[in-house]
Every structure is written in structure tokens, then in C-alpha cells.
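**Student:** Input file: upload.txt. Contents: compact mmCIF, C-alpha atoms.
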```txt
# COMPACT_ATOMS: atom_id res chain seq x y z
CA MET A 1 -23.22 46.08 130.19
CA ALA A 2 -20.50 47.13 132.64
CA VAL A 3 -20.36 43.59 134.01
CA LYS A 4 -19.88 42.17 130.51
CA VAL A 5 -17.16 44.71 129.73
CA ARG A 6 -15.31 43.75 132.92
CA GLU A 7 -15.72 40.05 132.12
CA ILE A 8 -14.36 40.52 128.59
CA GLY A 9 -11.45 42.52 130.00
CA LEU A 10 -10.67 39.78 132.52
CA ARG A 11 -10.81 37.12 129.83
CA ALA A 12 -8.51 39.17 127.60
CA ALA A 13 -6.00 39.69 130.42
CA SER A 14 -5.94 35.95 131.15
CA ALA A 15 -5.41 35.20 127.46
CA VAL A 16 -2.50 37.67 127.29
CA VAL A 17 -0.79 35.81 130.14
CA LEU A 18 -1.53 32.23 129.04
CA ALA A 19 -1.42 32.41 125.24
CA PRO A 20 2.33 33.18 124.91
CA ALA A 21 3.26 30.14 127.02
CA ALA A 22 1.06 27.88 124.90
CA VAL A 23 2.36 29.39 121.65
CA LEU A 24 6.00 28.98 122.68
CA ALA A 25 5.49 25.34 123.68
CA ILE A 26 3.67 24.59 120.41
CA TRP A 27 6.42 26.28 118.38
CA ALA A 28 9.26 24.51 120.23
CA GLY A 29 7.64 21.07 120.05
CA GLY A 30 9.49 18.01 121.29
CA PRO A 31 10.03 17.85 125.07
CA TRP A 32 8.69 21.38 125.54
CA PHE A 33 5.32 20.48 124.10
CA LEU A 34 5.35 17.23 126.05
CA GLY A 35 6.06 19.20 129.23
CA ILE A 36 3.14 21.57 128.79
CA MET A 37 0.86 18.66 127.88
CA LEU A 38 1.84 16.76 131.04
CA ALA A 39 1.31 19.89 133.14
CA ALA A 40 -2.11 20.38 131.54
CA CYS A 41 -3.00 16.73 132.15
CA ALA A 42 -2.07 17.09 135.82
CA LEU A 43 -4.24 20.19 136.26
CA LEU A 44 -7.13 18.68 134.32
CA SER A 45 -6.94 15.55 136.46
CA VAL A 46 -7.27 17.66 139.59
CA GLU A 47 -10.25 19.54 138.18
CA TRP A 48 -11.97 16.38 136.99
CA ALA A 49 -11.46 14.66 140.34
CA MET A 50 -12.71 17.65 142.35
CA MET A 51 -15.75 17.89 140.11
CA SER A 52 -16.65 14.20 139.91
CA ALA A 53 -15.37 12.88 143.26
CA PRO A 54 -15.02 15.82 145.69
CA ARG A 55 -14.86 13.55 148.76
CA ALA A 56 -11.88 11.60 147.43
CA TRP A 57 -10.42 13.99 144.90
CA ARG A 58 -6.77 13.39 145.81
CA LEU A 59 -7.03 9.66 145.19
CA MET A 60 -9.00 10.17 142.00
CA THR A 61 -6.51 12.75 140.76
CA GLY A 62 -3.73 10.20 141.02
CA ALA A 63 -5.74 7.48 139.28
CA VAL A 64 -6.74 9.70 136.35
CA ALA A 65 -3.36 11.44 136.04
CA PHE A 66 -1.50 8.12 135.93
CA GLY A 67 -3.53 7.00 132.93
CA LEU A 68 -3.08 10.34 131.14
CA PHE A 69 0.69 10.39 131.72
CA ALA A 70 1.11 6.82 130.48
CA ALA A 71 -0.84 7.48 127.29
CA VAL A 72 0.72 10.88 126.53
CA ILE A 73 4.29 9.66 127.04
CA SER A 74 3.58 6.64 124.83
CA ALA A 75 2.33 8.96 122.08
CA HIS A 76 5.39 11.19 122.51
CA VAL A 77 7.75 8.28 121.77
CA GLU A 78 5.74 7.62 118.58
CA GLN A 79 3.82 4.64 119.92
CA LEU A 80 0.31 5.81 119.03
CA SER A 81 -1.23 2.33 119.07
CA LEU A 82 0.27 1.69 122.51
CA ALA A 83 -1.02 5.06 123.71
CA LEU A 84 -4.57 4.19 122.70
CA VAL A 85 -4.32 0.78 124.35
CA MET A 86 -2.96 2.45 127.49
CA LEU A 87 -5.94 4.79 127.54
CA VAL A 88 -8.39 1.90 127.59
CA PHE A 89 -6.37 -0.14 130.08
CA CYS A 90 -5.84 2.80 132.44
CA ALA A 91 -9.51 3.80 132.19
CA VAL A 92 -10.52 0.34 133.37
CA ALA A 93 -7.89 0.43 136.12
CA ALA A 94 -9.04 3.87 137.29
CA GLY A 95 -12.64 2.66 137.38
CA LEU A 96 -11.76 -0.39 139.47
CA PHE A 97 -9.67 1.75 141.81
CA ALA A 98 -12.53 4.23 142.22
CA ARG A 99 -14.97 1.43 143.03
CA SER A 100 -12.58 0.05 145.66
CA ARG A 101 -12.63 3.48 147.33
CA GLY A 102 -16.42 3.78 147.28
CA GLN A 103 -16.53 6.17 144.31
CA GLU A 104 -18.25 5.95 140.95
CA ALA A 105 -16.19 3.70 138.69
CA LEU A 106 -17.69 5.15 135.50
CA ASP A 107 -16.73 8.72 136.45
CA ALA A 108 -13.08 7.81 136.93
CA ALA A 109 -12.90 5.67 133.79
CA TYR A 110 -14.64 8.29 131.69
CA GLY A 111 -12.27 10.97 133.01
CA VAL A 112 -9.27 9.10 131.63
CA LEU A 113 -10.88 8.66 128.21
CA TYR A 114 -12.44 12.15 128.05
CA LEU A 115 -9.20 13.94 128.90
CA GLY A 116 -6.74 11.45 127.43
CA TRP A 117 -8.08 10.95 123.91
CA PRO A 118 -7.55 14.57 122.75
CA ALA A 119 -4.23 14.82 124.65
CA VAL A 120 -2.85 11.82 122.77
CA LEU A 121 -4.07 13.18 119.43
CA LEU A 122 -2.50 16.58 120.09
CA ILE A 123 0.85 14.89 120.70
CA TRP A 124 0.38 12.98 117.43
CA LEU A 125 -0.58 16.16 115.58
CA ARG A 126 2.52 18.00 116.80
CA ASP A 127 4.68 15.09 115.59
CA GLY A 128 7.82 15.97 117.52
CA SER A 129 9.52 19.05 116.10
CA THR A 130 8.47 18.75 112.45
CA ALA A 131 7.25 21.76 110.47
CA VAL A 132 4.20 19.86 109.24
CA GLY A 133 3.31 18.89 112.80
CA LEU A 134 3.64 22.51 113.86
CA ALA A 135 1.30 23.59 111.05
CA TRP A 136 -1.42 21.10 111.98
CA THR A 137 -1.17 21.93 115.69
CA VAL A 138 -1.35 25.67 115.03
CA PHE A 139 -4.41 25.00 112.87
CA ALA A 140 -6.17 23.11 115.67
CA PHE A 141 -5.45 25.74 118.31
CA ALA A 142 -6.14 28.75 116.09
CA VAL A 143 -9.47 27.48 114.75
CA ALA A 144 -10.63 26.50 118.24
CA TRP A 145 -9.62 29.87 119.68
CA ALA A 146 -11.13 31.84 116.80
CA SER A 147 -14.47 30.05 116.96
CA ASP A 148 -14.60 30.22 120.76
CA ILE A 149 -13.82 33.94 120.88
CA MET A 150 -16.20 34.87 118.07
CA ALA A 151 -18.98 32.72 119.53
CA TYR A 152 -18.63 34.59 122.82
CA LEU A 153 -18.48 38.04 121.18
CA ALA A 154 -21.34 37.38 118.77
CA GLY A 155 -23.51 35.87 121.48
CA SER A 156 -22.79 38.75 123.87
CA THR A 157 -23.44 41.36 121.17
CA PHE A 158 -26.49 40.02 119.38
CA GLY A 159 -28.07 37.67 121.93
CA GLY A 160 -31.23 36.04 120.63
CA PRO A 161 -32.66 32.52 120.97
CA LYS A 162 -30.84 30.12 123.25
CA LEU A 163 -28.92 27.23 121.73
CA TRP A 164 -29.39 24.63 124.50
CA PRO A 165 -31.01 26.34 127.49
CA ARG A 166 -31.39 23.14 129.49
CA PHE A 167 -27.65 22.75 130.02
CA SER A 168 -26.10 26.05 128.91
CA PRO A 169 -28.49 28.99 129.32
CA ASN A 170 -25.95 31.57 128.09
CA LYS A 171 -25.22 30.00 124.69
CA THR A 172 -27.15 31.50 121.76
CA TRP A 173 -27.71 30.66 118.11
CA SER A 174 -26.05 33.93 117.13
CA GLY A 175 -22.92 32.88 118.99
CA PHE A 176 -23.06 29.45 117.37
CA ILE A 177 -23.30 30.92 113.86
CA GLY A 178 -20.56 33.45 114.61
CA GLY A 179 -18.29 30.68 115.88
CA LEU A 180 -18.87 28.56 112.77
CA ALA A 181 -18.12 31.51 110.49
CA ALA A 182 -14.92 32.36 112.37
CA GLY A 183 -13.69 28.77 112.30
CA CYS A 184 -14.42 28.41 108.59
CA LEU A 185 -12.64 31.67 107.76
CA ALA A 186 -9.67 30.90 109.99
CA GLY A 187 -9.35 27.40 108.51
CA GLY A 188 -9.32 28.67 104.94
CA LEU A 189 -6.76 31.38 105.69
CA LEU A 190 -4.47 29.09 107.67
CA ALA A 191 -4.50 26.37 105.03
CA SER A 192 -3.46 28.98 102.46
CA PHE A 193 -0.24 29.75 104.32
CA LEU A 194 0.62 26.67 106.37
CA ASP A 195 2.29 23.52 105.03
CA MET A 196 -0.61 21.14 105.64
CA GLY A 197 -1.03 19.49 102.27
CA ILE A 198 -4.55 20.92 101.81
CA GLY A 199 -5.76 24.00 99.98
CA PRO A 200 -7.92 26.85 101.29
CA PHE A 201 -11.20 25.15 100.32
CA TRP A 202 -10.54 21.99 102.33
CA GLY A 203 -8.98 24.12 105.04
CA ALA A 204 -12.27 26.04 105.30
CA VAL A 205 -14.24 22.78 105.38
CA LEU A 206 -12.01 21.37 108.10
CA GLY A 207 -12.16 24.68 109.97
CA LEU A 208 -15.96 24.60 109.84
CA ALA A 209 -16.02 21.05 111.19
CA ALA A 210 -13.49 21.90 113.92
CA ALA A 211 -15.48 24.99 114.87
CA GLY A 212 -18.61 22.89 115.22
CA ALA A 213 -16.65 20.45 117.37
CA THR A 214 -15.32 23.32 119.48
CA MET A 215 -18.79 24.47 120.39
CA ALA A 216 -20.00 20.90 120.85
CA GLY A 217 -17.18 20.40 123.35
CA ASP A 218 -18.22 23.54 125.19
CA LEU A 219 -21.83 22.37 125.36
CA TRP A 220 -20.80 18.88 126.45
CA GLU A 221 -18.75 20.24 129.33
CA SER A 222 -21.70 22.43 130.33
CA ALA A 223 -23.82 19.28 130.51
CA LEU A 224 -21.15 17.55 132.61
CA LYS A 225 -20.96 20.49 135.02
CA ARG A 226 -24.74 20.47 135.32
CA ARG A 227 -24.59 16.74 136.08
CA TYR A 228 -22.04 17.27 138.87
CA GLY A 229 -23.74 20.42 140.17
CA VAL A 230 -20.86 22.87 139.68
CA LYS A 231 -20.70 26.24 137.95
CA ASP A 232 -17.06 25.99 136.83
CA ALA A 233 -14.61 23.10 136.57
CA GLY A 234 -12.17 25.11 138.72
CA ASN A 235 -10.94 28.61 139.46
CA LEU A 236 -7.44 28.51 137.99
CA ILE A 237 -7.97 31.09 135.21
CA PRO A 238 -9.61 34.46 136.06
CA GLY A 239 -12.60 35.09 133.81
CA HIS A 240 -12.66 31.50 132.56
CA GLY A 241 -12.94 29.28 135.64
CA GLY A 242 -10.79 26.18 135.40
CA LEU A 243 -8.44 24.92 132.72
CA LEU A 244 -11.11 22.49 131.55
CA ASP A 245 -13.45 25.46 131.01
CA ARG A 246 -10.81 26.92 128.70
CA VAL A 247 -9.87 23.82 126.68
CA ASP A 248 -13.17 21.94 126.48
CA GLY A 249 -13.74 23.07 122.91
CA LEU A 250 -10.12 22.52 121.89
CA MET A 251 -10.36 18.92 123.09
CA PHE A 252 -13.15 18.17 120.63
CA ALA A 253 -11.57 20.26 117.85
CA ALA A 254 -8.29 18.34 118.18
CA VAL A 255 -10.11 15.08 117.43
CA VAL A 256 -11.65 16.51 114.24
CA VAL A 257 -8.37 18.06 113.06
CA ALA A 258 -6.55 14.79 113.77
CA CYS A 259 -9.10 12.98 111.60
CA GLY A 260 -8.42 15.53 108.87
CA ARG A 261 -4.69 14.95 109.05
CA LEU A 262 -5.21 11.18 109.03
CA LEU A 263 -7.17 11.49 105.78
CA VAL A 264 -4.34 13.54 104.26
CA VAL A 265 -1.76 10.97 105.37
CA LEU A 266 -3.80 8.11 103.91
CA ALA A 267 -4.31 10.02 100.66
CA GLU A 268 -0.57 10.67 100.36
CA ARG A 269 0.24 7.01 100.94
CA GLY A 270 -2.39 5.93 98.43
CA GLY A 271 -1.02 8.36 95.86
```
Could I get this file's structure written as C-alpha cells?
**Tutor:**
Amino acid sequence: MAVKVREIGLRAASAVVLAPAAVLAIWAGGPWFLGIMLAACALLSVEWAMMSAPRAWRLMTGAVAFGLFAAVISAHVEQLSLALVMLVFCAVAAGLFARSRGQEALDAAYGVLYLGWPAVLLIWLRDGSTAVGLAWTVFAFAVAWASDIMAYLAGSTFGGPKLWPRFSPNKTWSGFIGGLAAGCLAGGLLASFLDMGIGPFWGAVLGLAAAGATMAGDLWESALKRRYGVKDAGNLIPGHGGLLDRVDGLMFAAVVVACGRLLVVLAERGG
């Protein structure tokens, strides 16, 4: 119990330090949000390269980061289609570069797509400095954080049957249910107050879906770490491991929330 209390305290202290920076960048939008996204992409590229290609991690960092930067900057200048094309093109280029250096081409290519797809969609969600973009981005972050925190607290408190013991022995069904409930509640509340164009019911539905995606992202990264034989993606954040360990769920949640916003945009155009 004392170990868990210390771990929760360390996680809370890390969140107190990191959360304000993320919140300020989200609120400011524009170049500030772009800056924090590029910094995150650089750190995630390092962690991915050290995890998937430890013998040539510097070269792989450059290959993956180049693709992420190209796609994110394209999305920032409102060229979403170009950003998606850049992701595919840079993934292929990173794979060919990795093969030429005796590394696994698929690992490098997948790294660009795995990290780049949610990064591009987060830039699209924020939509420069608009109030609507701020609302949708806050929704994505808040639901992911709420479900992640409640899943951890519920799982630590109640324990019970394991969710996927083969890849993530610490995840439990109680944590999974707690995370879903928190995401659903957070989504409904946020949609009631934020200018998103959806009511609390659809906000709760979207929050539930994003919460499920958050925990799916966490499980998927656990499977990846098991594949590469590492405990954590890095050691940047005390109590959390690497940055990828902290944002794995957010990456999946961002895709679901972006799909939700796309449906709203299409409905508004059709109306």
C-alpha cells in the first residue's frame, strides 16, 4: 500500500508540473500549440527510436521526426490533405532509410504513422486560435485524462480480474469500467458548457467512445512495449515513464474525437 501511495504521489506531482504547460499551449493555440506539438513529436521520436531501434536510435529519431514535423506543419497551415499525404510518403521514406541502415523498415514506417496520425488530427482539432477549436481540443484532453486517471484509481482501489494479462498484467476490468464511466460523465458535462455544436447526450456518447479509445491506446502501447522487451517507453516523466507512456491513450482518443467533430462539420454543411 505504501508503494502505491508513493506512486500516486509521484504521478500527481508530475501532473502538477506538466499539466499547466499543456493547458496554456492549448488555450493560446496558433504557434504556441504548434510549438508544443513539435516538441512532443521530437521527444516521442526519440522514445520510439530507442525502443524500436536501440542500436541506431539517433538515425531513426531523425527519420521519424522529419516525417512528423512535415505532417504537423502542413496541418498547421491548414493543408490537412497534404499532411495526410506527407504522413504516408514520410513513412515509406523512413522505412526505406531504416532498411538501408540494417534496421527494421516496418518499425520505422509504423512509428511515423502511429505518432503522426493523432498529432495531425490534434492540430486540426485545435483549428488555429478559434474558440470552437479550443473547445474540441479541451474535450479530447479532458476526457482522455479523466478516463486515464479514474481507470488507474479504480483499478488500484478495487482490483479484480485482469483485463488483458498477456500484455498488461496490471490492467483490471474494474479500472476499465471506471475509466469508461469517467469519460462518459466528463463528455456529457463538457458538451453542456463548451461550444461544440453537440448537446450533453451526444457529448456523453462521444466521451464514452473516447474513453474506450483511451484505454485501447494504453493497452496497445503495452503490447508494443512487450514486443520490444521494454518496461517503459522512456524515463522522462517521474511516475509515468516516458512521454509516450503518458499520451498513448490521448493519441487514440484524439482520433475518435476528431471523427466526432468531422461528423458535426458534415452535418452543419448538410443542414
**Student:** Which residue, A:Leu244, A:Ala42, A:Leu206, A:Ala71, has the smallest gap to Ser222 (chain A) when you use only C-alpha atoms?
**Tutor:** A:Leu244
**Student:** Find the residue from A:Ile198, A:Ala213, A:Cys184, A:Val205 that sits nearest to Ala267 (chain A); use all atoms listed in the file when measuring.
**Tutor:**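 Under the stated criterion, the closest residue is A:Ile198.
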**Student:** So that I can see what lies close to Phe167 (chain A), please list as a list in words the residues with an atom at most 12 Å from it, counting all atoms listed in the file and leaving out residues fewer than 2 positions away in the same chain.
**Tutor:** Lys162, Leu163, Trp164, Pro165, Pro169, Asn170, Lys171, Asp218, Leu219, Trp220, Glu221, Ser222, Ala223, Leu224, Lys225, Arg226, Arg227, Tyr228, Gly229, Val230 and Lys231 of chain A
**Student:** Which neighbours of Leu34 (chain A) fall inside 8 Å, counting only C-alpha atoms, when residues of the same chain fewer than 4 positions from it are skipped, and could you give them as a ChimeraX atom specification?
**Tutor:** /A:29-30,38,72-73,76,123
**Student:** Quick one: residues within 10 Å of region 151-161 of chain A, only C-alpha atoms counted, chain neighbours fewer than 5 positions away excluded, as a ChimeraX atom specification?
**Tutor:** /A:1,4,8,145-146,169-183,211,215
**Student:** Which residues, protein or nucleic acid, reach to within 9 Å of (-7.2, 17.7, 136.3) in the file's coordinates when using all atoms listed in the file, and can you give that as number ranges by chain?
**Tutor:** A: 40-50, 61, 64-65, 115, 243-244
**Student:** Excluding Leu185 (chain A) and its own-chain neighbours fewer than 3 positions away, which residues fall within 9 Å of it when counting all atoms listed in the file? Please give them as a PyMOL selection string.
**Tutor:** chain A and resi 143+180-182+188-190+203-204+207-208
**Student:** Select, from A:Ala258, A:Val120, A:Ala83, A:Ala63, the residue with the minimum atom-to-atom distance to Ala140 (chain A), counting all atoms listed in the file.
**Tutor:**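 When distances to Ala140 (chain A) are compared using all atoms listed in the file, the smallest one comes from A:Ala258.
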**Student:** Put region 55-80 of chain A into a file with C-alpha atoms, as a PDB file, in the first residue's frame.
**Tutor:**
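Result file result_18.pdb:
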```pdb
ATOM      1  CA  ARG A  55      21.395   0.233 -31.869  1.00  0.00           C
ATOM      2  CA  ALA A  56      20.694   3.061 -34.315  1.00  0.00           C
ATOM      3  CA  TRP A  57      18.323   5.250 -32.355  1.00  0.00           C
ATOM      4  CA  ARG A  58      19.871   8.572 -33.388  1.00  0.00           C
ATOM      5  CA  LEU A  59      19.411   7.856 -37.087  1.00  0.00           C
ATOM      6  CA  MET A  60      15.911   6.520 -36.548  1.00  0.00           C
ATOM      7  CA  THR A  61      14.980   9.546 -34.443  1.00  0.00           C
ATOM      8  CA  GLY A  62      15.842  11.828 -37.333  1.00  0.00           C
ATOM      9  CA  ALA A  63      13.928   9.737 -39.867  1.00  0.00           C
ATOM     10  CA  VAL A  64      10.764   9.565 -37.760  1.00  0.00           C
ATOM     11  CA  ALA A  65      10.936  13.175 -36.543  1.00  0.00           C
ATOM     12  CA  PHE A  66      11.325  14.502 -40.088  1.00  0.00           C
ATOM     13  CA  GLY A  67       8.085  12.836 -41.138  1.00  0.00           C
ATOM     14  CA  LEU A  68       6.219  14.070 -38.047  1.00  0.00           C
ATOM     15  CA  PHE A  69       7.427  17.655 -38.484  1.00  0.00           C
ATOM     16  CA  ALA A  70       6.467  17.724 -42.165  1.00  0.00           C
ATOM     17  CA  ALA A  71       2.965  16.432 -41.474  1.00  0.00           C
ATOM     18  CA  VAL A  72       2.301  18.596 -38.396  1.00  0.00           C
ATOM     19  CA  ILE A  73       3.476  21.806 -40.069  1.00  0.00           C
ATOM     20  CA  SER A  74       1.342  21.011 -43.118  1.00  0.00           C
ATOM     21  CA  ALA A  75      -1.698  20.590 -40.859  1.00  0.00           C
ATOM     22  CA  HIS A  76      -0.870  23.845 -39.059  1.00  0.00           C
ATOM     23  CA  VAL A  77      -1.050  25.822 -42.317  1.00  0.00           C
ATOM     24  CA  GLU A  78      -4.491  24.275 -42.937  1.00  0.00           C
ATOM     25  CA  GLN A  79      -3.351  21.732 -45.500  1.00  0.00           C
ATOM     26  CA  LEU A  80      -4.878  18.634 -43.924  1.00  0.00           C
TER      27      LEU A  80
END
```
